[in-house]
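Comments concern the structure below.
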Amino acid sequence: MTAPHTLRVEHLDAALGIQTGAPRLSWQLPAGAAAQQAYRVITDNGWDTGWVGSDRQLLVPYAGPPLASSQRVAWQVQVRTDLGESPVSEPSWFETGLLWAEDWSARWVEPGTMPAGEEGDRPAALLRVELDVPAPVVAARLHATAQGLYEAFLDGARIGDAELTPGYTQYDARLQVQTHDVGPLAPGRHALAVVLADGWFRGQVGITRATDQWGDRTALLAQLHLTAADGSTVVVGTGADWRSSVGHVVAADLIAGERWDLTRRPAGWDAPGFDDTGWDAVAVVDHGYAGLVDSPAPPARRVEELVPRSVTQLASGAHVVDLGQNINGWLRLADLGPAGTELTITHGEWLGGDGDVTVANLEPDLPFLPHRLPAGQVDAVVSAGVPGEVFEPRRTTHGFRYARVEGHPGPLTADDVRGVVVHTDLRRTGWFTCSDPRLQALHDAAVWSFRDNACDIPTDCPHRERHGWTGDWQLFVPTAAFLYDVAGFSTKWLRDVAADQWPDGTVANVSPSPRHEGREGPIALLNGSAGWGDACVIVPWEIHRAHGDTDVLAENWPTMVRWLERAETMAREQRHPTRTGEPAPHERYLWDTGFHWGEWLEPGEGPGPMDAFVAADKGDVATAFLAHSAGLMARIAGIIGEDPTRWTALADGARDSWQREYVRGGRLVVDTQATHVRALAFDLVPADLRAAVADRLVELVREAGGHLGTGFLATPDLLPVLADAGHLGTAYEVLLADGEPGWMAMVDAGSTTVWERWDGVRPDGTPHESLNHYSKGAVVSFLHRYTAGISLLEPAYRRFRVAPRPGGGLTSASAAHECPYGRVESAWSLADGRFELTVVVPAGTSAEVVLPDGTTATAGPGTHTYACTHALEDVPR
């Protein structure tokens, strides 16, 4: 019998610098174990649970001696299962950060002269201090954060591998602190240095390109703890002895880009012995220590490097680099030319007819903007002519596949360039393969779209806006939770959602919400939309389902209550202006006022004139989400010990109101695909009408030539509701439909990510708005749950179903998911009328297996094979 394994703390593989006194511990059972009967946790600080009779193995709270700041605790676990008593696991560990304000002796400092410039064109500051270390240091930790972005160095070597630190949060309430393992230090003189840039804090953010959203001055807080062999500790922090200047990073902005002038780089500025007497003394400021938090998510990192597919020289002399993949990150150049050479790099997603990079689709041009805004995404560097010079702009990221490099003096080759992929370093948990290359390409594009938009927050796109749109994440999170471990990532973001919530319960469109787009800005009225604000209910629910985390439900309960109370009040007390006469009793549950984005970007549909779009009655969408979220609230209440009665009544009232308003004579009043999908997915229609509603949905698909007609909100549910209503063939037909609107149009156009609009690239080859939105990529959840057939029945896949539903001419498909208990697999093939299936069930779980012919079986831990007869259907093309 093997030992428990895959020990984790919270949702982290490496829990360094956590700020909780009761971290939650998880483990996986020995191979083949059907169930845990008891566990025993032992730590090196004296906590021994003894044998606890429990099957709980996920998120078990630490209950040992109180933890101190900067305390490292090793822990092991032993279990009893149906196989007997296991050996003790290999040790794991967690380490606390600075838990209390009094643990900080460092002071906040600002550059002595604040870097100034036009919006998006401000230099980064250089800050440094030197320190003497009298004795060997066996362990060193740097606790650091900034109002802005910081990058730290010790003796010229970069500290850690986290990018874009301290990360993006609602800075008015929450500012993340990183704890870096600096490693042992030899006695002698050392230098601690930092590059400090605007970042999200005072740089450009969002589609309005607003600046100074949380302040107009950058600042740094850093504290270095040095521990000697005898256990004694020396602490060095930011304070009046630090010096500052402006050096080679002459501009740094997340949207505009980054510019270096390496002829201005102070040689050795980040190493000991540098003469900084000509530098400014920093300004010590009092920003306090309130709101300093850890992150429950991994940091953003340089995750992958891509060798260019090609480098082509244009007639102008410029070079176009094709990475072969649309990414979020930057281009690293290793050949910068002789001293004084100025290189300019423009990043884009598509090429124009002339083979050059086009960025017109990335230029914001919306009714509430004063004029068309620049796309940004332009980096530049002036070479100092020093051998080995490398340009890698780490204070910005870009969404791009193509980059135009101007000014290079000689042939630029693929050996000189790398595409650096940057995103939150999430643990991959889900995979899918199949026999259809186009479906495989679609799945890969959806994965890449999510990777490119998981940059510390879930963004809508990595270029035009880079905003954490609530509606986008609520509809994609079930898909994301299969593909990656997004539990900590979502928890971190939900805390910003809670911080951004208005006093009246309004949930902001985006989180973190800049002031210019929040309740203080000119487009405040666009916040609080149904389907977007409902993220505060739906996202915690989906994280609970995927990871078995009930704390995320309890933590977000107050936010959910305020959101639903707002919707309930608006439904009861307000009425759309187009309604006349005495209100019917059911209208107290009809949510038809306030602004709503509605289905958003249905094929061929545009919002039209802004005033009319804002004023339109979207009660069919809003009331549907009121019923859906209230129903989820009732279920959540039962899990966390709250009274579900109120929310059950609200859900029933909203559902009844929806039926009275939007069902007439057995048909839906709003005769769109999206409305029929929502009616079925949210269980809004009576049971005796479900078949008719599904049949009408199929008719609407036929009227659209076998194509979809949904926008943002309903698209994830379109294929599942068709399949569940007995129209599996139609679901595959829509999935594989050629031309627009549909997913295959993206694949056939050569796109490597999912488009924002169904017509993202027009017939003449012109790109239209973002070509890198994950929202419509939520369709790949159908491949996981229906094609491969993996769906959960109990939270964290403790019990799950494998029920493949072949179609679309596929002859094989497989999926795997690393759930919290272990690896789930489903792999099938179809040949000569014989369907064969292999299922892998992890320890501590069980599976219900359903074959296409209806045969069912129950499977425990291990690998199982099944077979039945099944015909391969023809697929019209």
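Identifiers in the structure tokens: chain A, B, ... in order shown; residue index from 1 per chain; ligand index from 1 in order shown.
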
What are the DSSP strand (DSSP E or B) residues of segment 419-496 of chain A, as a list in words?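 The residues of segment 419-496 of chain A classed as strand (DSSP E or B) are Gly419, Val420, Val421, Val422, His423, Thr424, Arg428, Gly430, Trp431, Phe432, Thr433, Cys434, Ala454, Cys455, Ile457, Pro458, Trp469 and Tyr484 of chain A.
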
Output C-alpha atoms for every residue in that selection, as a short mmCIF file (atom, residue, chain, number, x, y, z; two decimals), in the first residue's frame.
```cif
data_model
loop_
_atom_site.label_atom_id
_atom_site.label_comp_id
_atom_site.auth_asym_id
_atom_site.auth_seq_id
_atom_site.Cartn_x
_atom_site.Cartn_y
_atom_site.Cartn_z
CA GLY A 419 7.73 35.00 -28.04
CA VAL A 420 7.44 34.94 -24.26
CA VAL A 421 4.06 33.69 -23.01
CA VAL A 422 3.04 35.35 -19.74
CA HIS A 423 0.04 34.47 -17.60
CA THR A 424 -0.94 33.29 -14.15
CA ARG A 428 -3.24 22.38 -15.93
CA GLY A 430 -7.93 19.15 -18.22
CA TRP A 431 -7.21 17.77 -21.68
CA PHE A 432 -9.20 16.68 -24.73
CA THR A 433 -8.32 14.95 -27.99
CA CYS A 434 -10.45 13.66 -30.84
CA ALA A 454 -5.59 34.70 -17.24
CA CYS A 455 -3.15 37.47 -16.40
CA ILE A 457 -7.34 38.39 -13.26
CA PRO A 458 -9.70 36.82 -15.80
CA TRP A 469 -15.54 41.49 -17.03
CA TYR A 484 -7.07 24.49 -15.06
#
```

Of A:Thr730, A:Thr648, A:Gln440, A:Thr470, the one sitting nearest Leu810 of chain A when using only C-alpha atoms is A:Gln440

If DSSP is run on the backbone, what residues of segment 244-481 of chain A are alpha helix (DSSP H)? A reply as a PyMOL selection string would be ideal. chain A and resi 437-452+470-481

Show which residues sit within 12 Å of Thr856 of chain A, as an mmCIF file with all heavy atoms, in the first residue's frame. Count only C-alpha atoms, and ignore same-chain residues fewer than 2 positions away.
```cif
data_model
loop_
_atom_site.group_PDB
_atom_site.id
_atom_site.type_symbol
_atom_site.label_atom_id
_atom_site.label_comp_id
_atom_site.auth_asym_id
_atom_site.auth_seq_id
_atom_site.Cartn_x
_atom_site.Cartn_y
_atom_site.Cartn_z
ATOM 1 N N ARG A 801 -20.003 11.090 -13.490
ATOM 2 C CA ARG A 801 -20.585 10.253 -14.549
ATOM 3 C C ARG A 801 -19.674 10.290 -15.762
ATOM 4 O O ARG A 801 -19.115 11.338 -16.112
ATOM 5 C CB ARG A 801 -21.972 10.761 -14.920
ATOM 6 C CG ARG A 801 -22.622 9.983 -16.066
ATOM 7 C CD ARG A 801 -24.000 10.522 -16.410
ATOM 8 N NE ARG A 801 -24.950 10.257 -15.337
ATOM 9 C CZ ARG A 801 -25.681 11.193 -14.736
ATOM 10 N NH1 ARG A 801 -25.555 12.469 -15.104
ATOM 11 N NH2 ARG A 801 -26.530 10.874 -13.779
ATOM 12 N N VAL A 802 -19.537 9.141 -16.410
ATOM 13 C CA VAL A 802 -18.894 9.062 -17.719
ATOM 14 C C VAL A 802 -19.926 8.514 -18.677
ATOM 15 O O VAL A 802 -20.295 7.335 -18.604
ATOM 16 C CB VAL A 802 -17.640 8.175 -17.689
ATOM 17 C CG1 VAL A 802 -17.043 8.060 -19.094
ATOM 18 C CG2 VAL A 802 -16.596 8.742 -16.722
ATOM 19 N N ALA A 803 -20.439 9.382 -19.535
ATOM 20 C CA ALA A 803 -21.512 9.007 -20.469
ATOM 21 C C ALA A 803 -21.220 9.624 -21.826
ATOM 22 O O ALA A 803 -21.821 10.632 -22.207
ATOM 23 C CB ALA A 803 -22.865 9.468 -19.941
ATOM 24 N N PRO A 804 -20.285 9.047 -22.589
ATOM 25 C CA PRO A 804 -19.949 9.620 -23.902
ATOM 26 C C PRO A 804 -21.148 9.597 -24.834
ATOM 27 O O PRO A 804 -21.944 8.650 -24.829
ATOM 28 C CB PRO A 804 -18.839 8.695 -24.412
ATOM 29 C CG PRO A 804 -18.325 7.980 -23.206
ATOM 30 C CD PRO A 804 -19.502 7.850 -22.284
ATOM 31 N N ALA A 847 -17.690 6.197 -10.046
ATOM 32 C CA ALA A 847 -18.231 6.702 -11.311
ATOM 33 C C ALA A 847 -19.454 5.915 -11.730
ATOM 34 O O ALA A 847 -19.545 4.701 -11.516
ATOM 35 C CB ALA A 847 -17.174 6.625 -12.402
ATOM 36 N N GLU A 848 -20.390 6.607 -12.321
ATOM 37 C CA GLU A 848 -21.527 5.998 -13.003
ATOM 38 C C GLU A 848 -21.192 6.025 -14.487
ATOM 39 O O GLU A 848 -20.973 7.096 -15.058
ATOM 40 C CB GLU A 848 -22.793 6.799 -12.713
ATOM 41 C CG GLU A 848 -24.014 6.345 -13.468
ATOM 42 C CD GLU A 848 -25.182 7.297 -13.283
ATOM 43 O OE1 GLU A 848 -25.620 7.476 -12.128
ATOM 44 O OE2 GLU A 848 -25.637 7.891 -14.283
ATOM 45 N N VAL A 849 -21.141 4.878 -15.097
ATOM 46 C CA VAL A 849 -20.773 4.769 -16.505
ATOM 47 C C VAL A 849 -22.021 4.455 -17.319
ATOM 48 O O VAL A 849 -22.774 3.527 -16.986
ATOM 49 C CB VAL A 849 -19.707 3.683 -16.717
ATOM 50 C CG1 VAL A 849 -19.322 3.586 -18.196
ATOM 51 C CG2 VAL A 849 -18.469 3.983 -15.868
ATOM 52 N N VAL A 850 -22.258 5.231 -18.368
ATOM 53 C CA VAL A 850 -23.415 5.034 -19.238
ATOM 54 C C VAL A 850 -22.904 4.913 -20.672
ATOM 55 O O VAL A 850 -22.306 5.846 -21.210
ATOM 56 C CB VAL A 850 -24.420 6.194 -19.121
ATOM 57 C CG1 VAL A 850 -25.635 5.913 -19.985
ATOM 58 C CG2 VAL A 850 -24.819 6.429 -17.678
ATOM 59 N N LEU A 851 -23.150 3.771 -21.290
ATOM 60 C CA LEU A 851 -22.728 3.563 -22.669
ATOM 61 C C LEU A 851 -23.789 4.104 -23.632
ATOM 62 O O LEU A 851 -24.947 4.300 -23.249
ATOM 63 C CB LEU A 851 -22.511 2.079 -22.926
ATOM 64 C CG LEU A 851 -21.454 1.394 -22.051
ATOM 65 C CD1 LEU A 851 -21.270 -0.058 -22.497
ATOM 66 C CD2 LEU A 851 -20.127 2.131 -22.103
ATOM 67 N N PRO A 852 -23.415 4.342 -24.874
ATOM 68 C CA PRO A 852 -24.377 4.902 -25.831
ATOM 69 C C PRO A 852 -25.619 4.048 -26.040
ATOM 70 O O PRO A 852 -26.668 4.578 -26.449
ATOM 71 C CB PRO A 852 -23.558 5.012 -27.121
ATOM 72 C CG PRO A 852 -22.147 5.163 -26.657
ATOM 73 C CD PRO A 852 -22.042 4.317 -25.429
ATOM 74 N N ASP A 853 -25.542 2.745 -25.768
ATOM 75 C CA ASP A 853 -26.726 1.907 -25.935
ATOM 76 C C ASP A 853 -27.597 1.873 -24.689
ATOM 77 O O ASP A 853 -28.591 1.132 -24.638
ATOM 78 C CB ASP A 853 -26.322 0.479 -26.330
ATOM 79 C CG ASP A 853 -25.588 -0.265 -25.215
ATOM 80 O OD1 ASP A 853 -25.277 0.372 -24.168
ATOM 81 O OD2 ASP A 853 -25.322 -1.466 -25.374
ATOM 82 N N GLY A 854 -27.227 2.696 -23.667
ATOM 83 C CA GLY A 854 -28.012 2.769 -22.447
ATOM 84 C C GLY A 854 -27.536 1.871 -21.331
ATOM 85 O O GLY A 854 -28.030 1.968 -20.194
ATOM 86 N N THR A 858 -21.534 0.791 -12.407
ATOM 87 C CA THR A 858 -20.883 1.583 -11.368
ATOM 88 C C THR A 858 -19.430 1.143 -11.278
ATOM 89 O O THR A 858 -19.146 -0.064 -11.223
ATOM 90 C CB THR A 858 -21.569 1.402 -10.009
ATOM 91 O OG1 THR A 858 -22.927 1.833 -10.108
ATOM 92 C CG2 THR A 858 -20.861 2.215 -8.934
ATOM 93 N N ALA A 859 -18.521 2.105 -11.267
ATOM 94 C CA ALA A 859 -17.092 1.797 -11.269
ATOM 95 C C ALA A 859 -16.410 2.440 -10.079
ATOM 96 O O ALA A 859 -16.631 3.611 -9.786
ATOM 97 C CB ALA A 859 -16.447 2.282 -12.564
ATOM 98 N N TYR A 866 -15.173 -1.040 -21.359
ATOM 99 C CA TYR A 866 -16.544 -1.391 -21.699
ATOM 100 C C TYR A 866 -16.667 -1.401 -23.221
ATOM 101 O O TYR A 866 -15.866 -0.789 -23.938
ATOM 102 C CB TYR A 866 -17.528 -0.367 -21.120
ATOM 103 C CG TYR A 866 -17.381 -0.140 -19.633
ATOM 104 C CD1 TYR A 866 -16.507 0.836 -19.153
ATOM 105 C CD2 TYR A 866 -18.094 -0.893 -18.715
ATOM 106 C CE1 TYR A 866 -16.360 1.053 -17.792
ATOM 107 C CE2 TYR A 866 -17.965 -0.692 -17.354
ATOM 108 C CZ TYR A 866 -17.091 0.281 -16.898
ATOM 109 O OH TYR A 866 -16.945 0.495 -15.542
ATOM 110 N N ALA A 867 -17.710 -2.056 -23.708
ATOM 111 C CA ALA A 867 -17.948 -2.094 -25.152
ATOM 112 C C ALA A 867 -19.429 -2.303 -25.420
ATOM 113 O O ALA A 867 -20.169 -2.853 -24.594
ATOM 114 C CB ALA A 867 -17.130 -3.205 -25.802
ATOM 115 N N CYS A 868 -19.866 -1.820 -26.581
ATOM 116 C CA CYS A 868 -21.231 -2.047 -27.042
ATOM 117 C C CYS A 868 -21.263 -1.813 -28.547
ATOM 118 O O CYS A 868 -20.281 -1.367 -29.149
ATOM 119 C CB CYS A 868 -22.229 -1.122 -26.327
ATOM 120 S SG CYS A 868 -22.072 0.623 -26.761
#
```

If you count only C-alpha atoms, the residue of A:Gly348, A:Ala616, A:Tyr821, A:Pro512 closest to Asn772 of chain A turns out to be A:Gly348

Mind checking which residues fall within 12 Å of Gly862 of chain A, counting only C-alpha atoms, ignoring those fewer than 6 positions away in the same chain, and posting them as a short mmCIF file (atom, residue, chain, number, x, y, z; two decimals) with N, CA, C and O atoms, in the first residue's frame?
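Result file is around.cif:
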```
data_model
loop_
_atom_site.label_atom_id
_atom_site.label_comp_id
_atom_site.auth_asym_id
_atom_site.auth_seq_id
_atom_site.Cartn_x
_atom_site.Cartn_y
_atom_site.Cartn_z
N PRO A 30 -3.95 6.76 -1.31
CA PRO A 30 -3.14 5.75 -1.99
C PRO A 30 -3.90 5.15 -3.17
O PRO A 30 -5.13 5.04 -3.16
N ALA A 31 -3.17 4.75 -4.19
CA ALA A 31 -3.78 4.19 -5.39
C ALA A 31 -4.66 2.99 -5.02
O ALA A 31 -4.28 2.13 -4.23
N GLY A 32 -5.85 2.97 -5.62
CA GLY A 32 -6.76 1.85 -5.43
C GLY A 32 -7.67 1.94 -4.23
O GLY A 32 -8.59 1.12 -4.09
N ALA A 33 -7.48 2.90 -3.35
CA ALA A 33 -8.32 3.02 -2.16
C ALA A 33 -9.71 3.50 -2.56
O ALA A 33 -9.85 4.48 -3.27
N ALA A 34 -10.72 2.82 -2.05
CA ALA A 34 -12.09 3.20 -2.38
C ALA A 34 -12.56 4.38 -1.56
O ALA A 34 -13.30 5.23 -2.05
N GLY A 822 -7.86 13.13 -7.80
CA GLY A 822 -6.96 12.41 -8.69
C GLY A 822 -7.42 12.53 -10.13
O GLY A 822 -8.27 13.34 -10.49
N ARG A 823 -6.88 11.65 -10.97
CA ARG A 823 -7.08 11.77 -12.41
C ARG A 823 -8.28 10.95 -12.89
O ARG A 823 -8.35 9.75 -12.67
N VAL A 824 -9.21 11.65 -13.55
CA VAL A 824 -10.37 11.04 -14.21
C VAL A 824 -10.06 10.96 -15.70
O VAL A 824 -9.57 11.91 -16.30
N GLU A 825 -10.38 9.82 -16.31
CA GLU A 825 -10.15 9.68 -17.75
C GLU A 825 -11.32 8.99 -18.41
O GLU A 825 -11.94 8.08 -17.84
N THR A 838 -12.72 3.23 -22.32
CA THR A 838 -11.86 3.02 -21.15
C THR A 838 -12.09 4.16 -20.18
O THR A 838 -12.07 5.34 -20.57
N VAL A 839 -12.31 3.82 -18.91
CA VAL A 839 -12.57 4.80 -17.86
C VAL A 839 -11.57 4.61 -16.74
O VAL A 839 -11.33 3.48 -16.30
N VAL A 840 -11.00 5.71 -16.28
CA VAL A 840 -10.11 5.68 -15.12
C VAL A 840 -10.78 6.44 -13.99
O VAL A 840 -11.20 7.60 -14.16
N VAL A 841 -10.89 5.78 -12.83
CA VAL A 841 -11.53 6.35 -11.65
C VAL A 841 -10.48 6.51 -10.56
O VAL A 841 -9.82 5.54 -10.19
N PRO A 842 -10.29 7.73 -10.03
CA PRO A 842 -9.26 7.91 -9.00
C PRO A 842 -9.67 7.37 -7.64
O PRO A 842 -10.87 7.15 -7.37
N ALA A 843 -8.69 7.17 -6.78
CA ALA A 843 -8.94 6.70 -5.42
C ALA A 843 -9.90 7.64 -4.70
O ALA A 843 -9.86 8.86 -4.88
N GLY A 844 -10.78 7.06 -3.89
CA GLY A 844 -11.70 7.86 -3.08
C GLY A 844 -12.91 8.35 -3.82
O GLY A 844 -13.69 9.14 -3.28
N THR A 845 -13.12 7.89 -5.08
CA THR A 845 -14.26 8.34 -5.87
C THR A 845 -14.96 7.14 -6.48
O THR A 845 -14.46 6.01 -6.47
N SER A 846 -16.11 7.40 -7.07
CA SER A 846 -16.82 6.37 -7.82
C SER A 846 -17.46 7.01 -9.04
O SER A 846 -17.72 8.22 -9.07
N ALA A 847 -17.69 6.20 -10.05
CA ALA A 847 -18.23 6.70 -11.31
C ALA A 847 -19.45 5.91 -11.73
O ALA A 847 -19.55 4.70 -11.52
#
```

Tell me, as a list of chain:residue names, which residues lie within 8 Å of Thr179 of chain A, counting only C-alpha atoms; anything in the same chain fewer than 4 positions away does not count.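 So the residues in contact are A:Leu16, A:Gly17, A:Gly97, A:Arg141, A:Leu142, A:His143, A:Ala144.
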
Close residues, segment 279-291 of chain A itself excluded, 7 Å, only C-alpha atoms, min 2 positions apart in chain, as a list in words: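 The residues that qualify are Ala101, Arg107, Trp108, Val109, Glu110, Pro111, Gly112, Thr113, Ala173, Arg174, Leu175, Gly239, Ala240, Trp242, Arg243, Ser244, Ser245, Asp276, Thr277 and Val293 of chain A.
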
Could you turn the residues from that selection into a file that holds C-alpha atoms, as an mmCIF file, in the first residue's frame?
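Final output, saved to part.cif:
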```
data_model
loop_
_atom_site.group_PDB
_atom_site.id
_atom_site.type_symbol
_atom_site.label_atom_id
_atom_site.label_comp_id
_atom_site.auth_asym_id
_atom_site.auth_seq_id
_atom_site.Cartn_x
_atom_site.Cartn_y
_atom_site.Cartn_z
ATOM 1 C CA ALA A 101 0.854 45.288 10.869
ATOM 2 C CA ARG A 107 8.406 52.366 5.584
ATOM 3 C CA TRP A 108 6.661 53.210 2.343
ATOM 4 C CA VAL A 109 8.933 55.198 0.032
ATOM 5 C CA GLU A 110 8.336 57.157 -3.154
ATOM 6 C CA PRO A 111 10.947 58.133 -5.738
ATOM 7 C CA GLY A 112 12.597 61.389 -4.700
ATOM 8 C CA THR A 113 11.589 62.827 -8.055
ATOM 9 C CA ALA A 173 -9.136 47.860 -0.400
ATOM 10 C CA ARG A 174 -6.547 45.179 -1.187
ATOM 11 C CA LEU A 175 -2.858 45.221 -2.075
ATOM 12 C CA GLY A 239 13.284 53.814 4.439
ATOM 13 C CA ALA A 240 15.105 57.112 4.296
ATOM 14 C CA TRP A 242 17.174 54.425 -0.039
ATOM 15 C CA ARG A 243 18.071 56.394 -3.179
ATOM 16 C CA SER A 244 16.186 56.819 -6.446
ATOM 17 C CA SER A 245 16.688 57.947 -10.024
ATOM 18 C CA ASP A 276 24.568 56.751 -6.178
ATOM 19 C CA THR A 277 25.576 60.068 -4.598
ATOM 20 C CA VAL A 293 -2.955 40.693 1.736
#
```

Shortest interatomic distance to Ala487 of chain A - which of A:Leu221, A:Leu369, A:Leu697, A:Cys819, counting only C-alpha atoms: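 Once distances to Ala487 of chain A are computed over only C-alpha atoms, the minimum belongs to A:Cys819.
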
Exercise: segment 394-404 of chain A partners within 6 Å, only C-alpha atoms, chain neighbours under 2 positions left out, as an NGL selection string: :A and (253-254 or 257 or 319-323 or 325-330 or 345-349 or 377 or 392 or 462-463)

Which residue gives the smallest distance to Ile543 of chain A among A:Arg301, A:Phe482, A:Glu582, A:Ser69, with only C-alpha atoms counted? A:Phe482
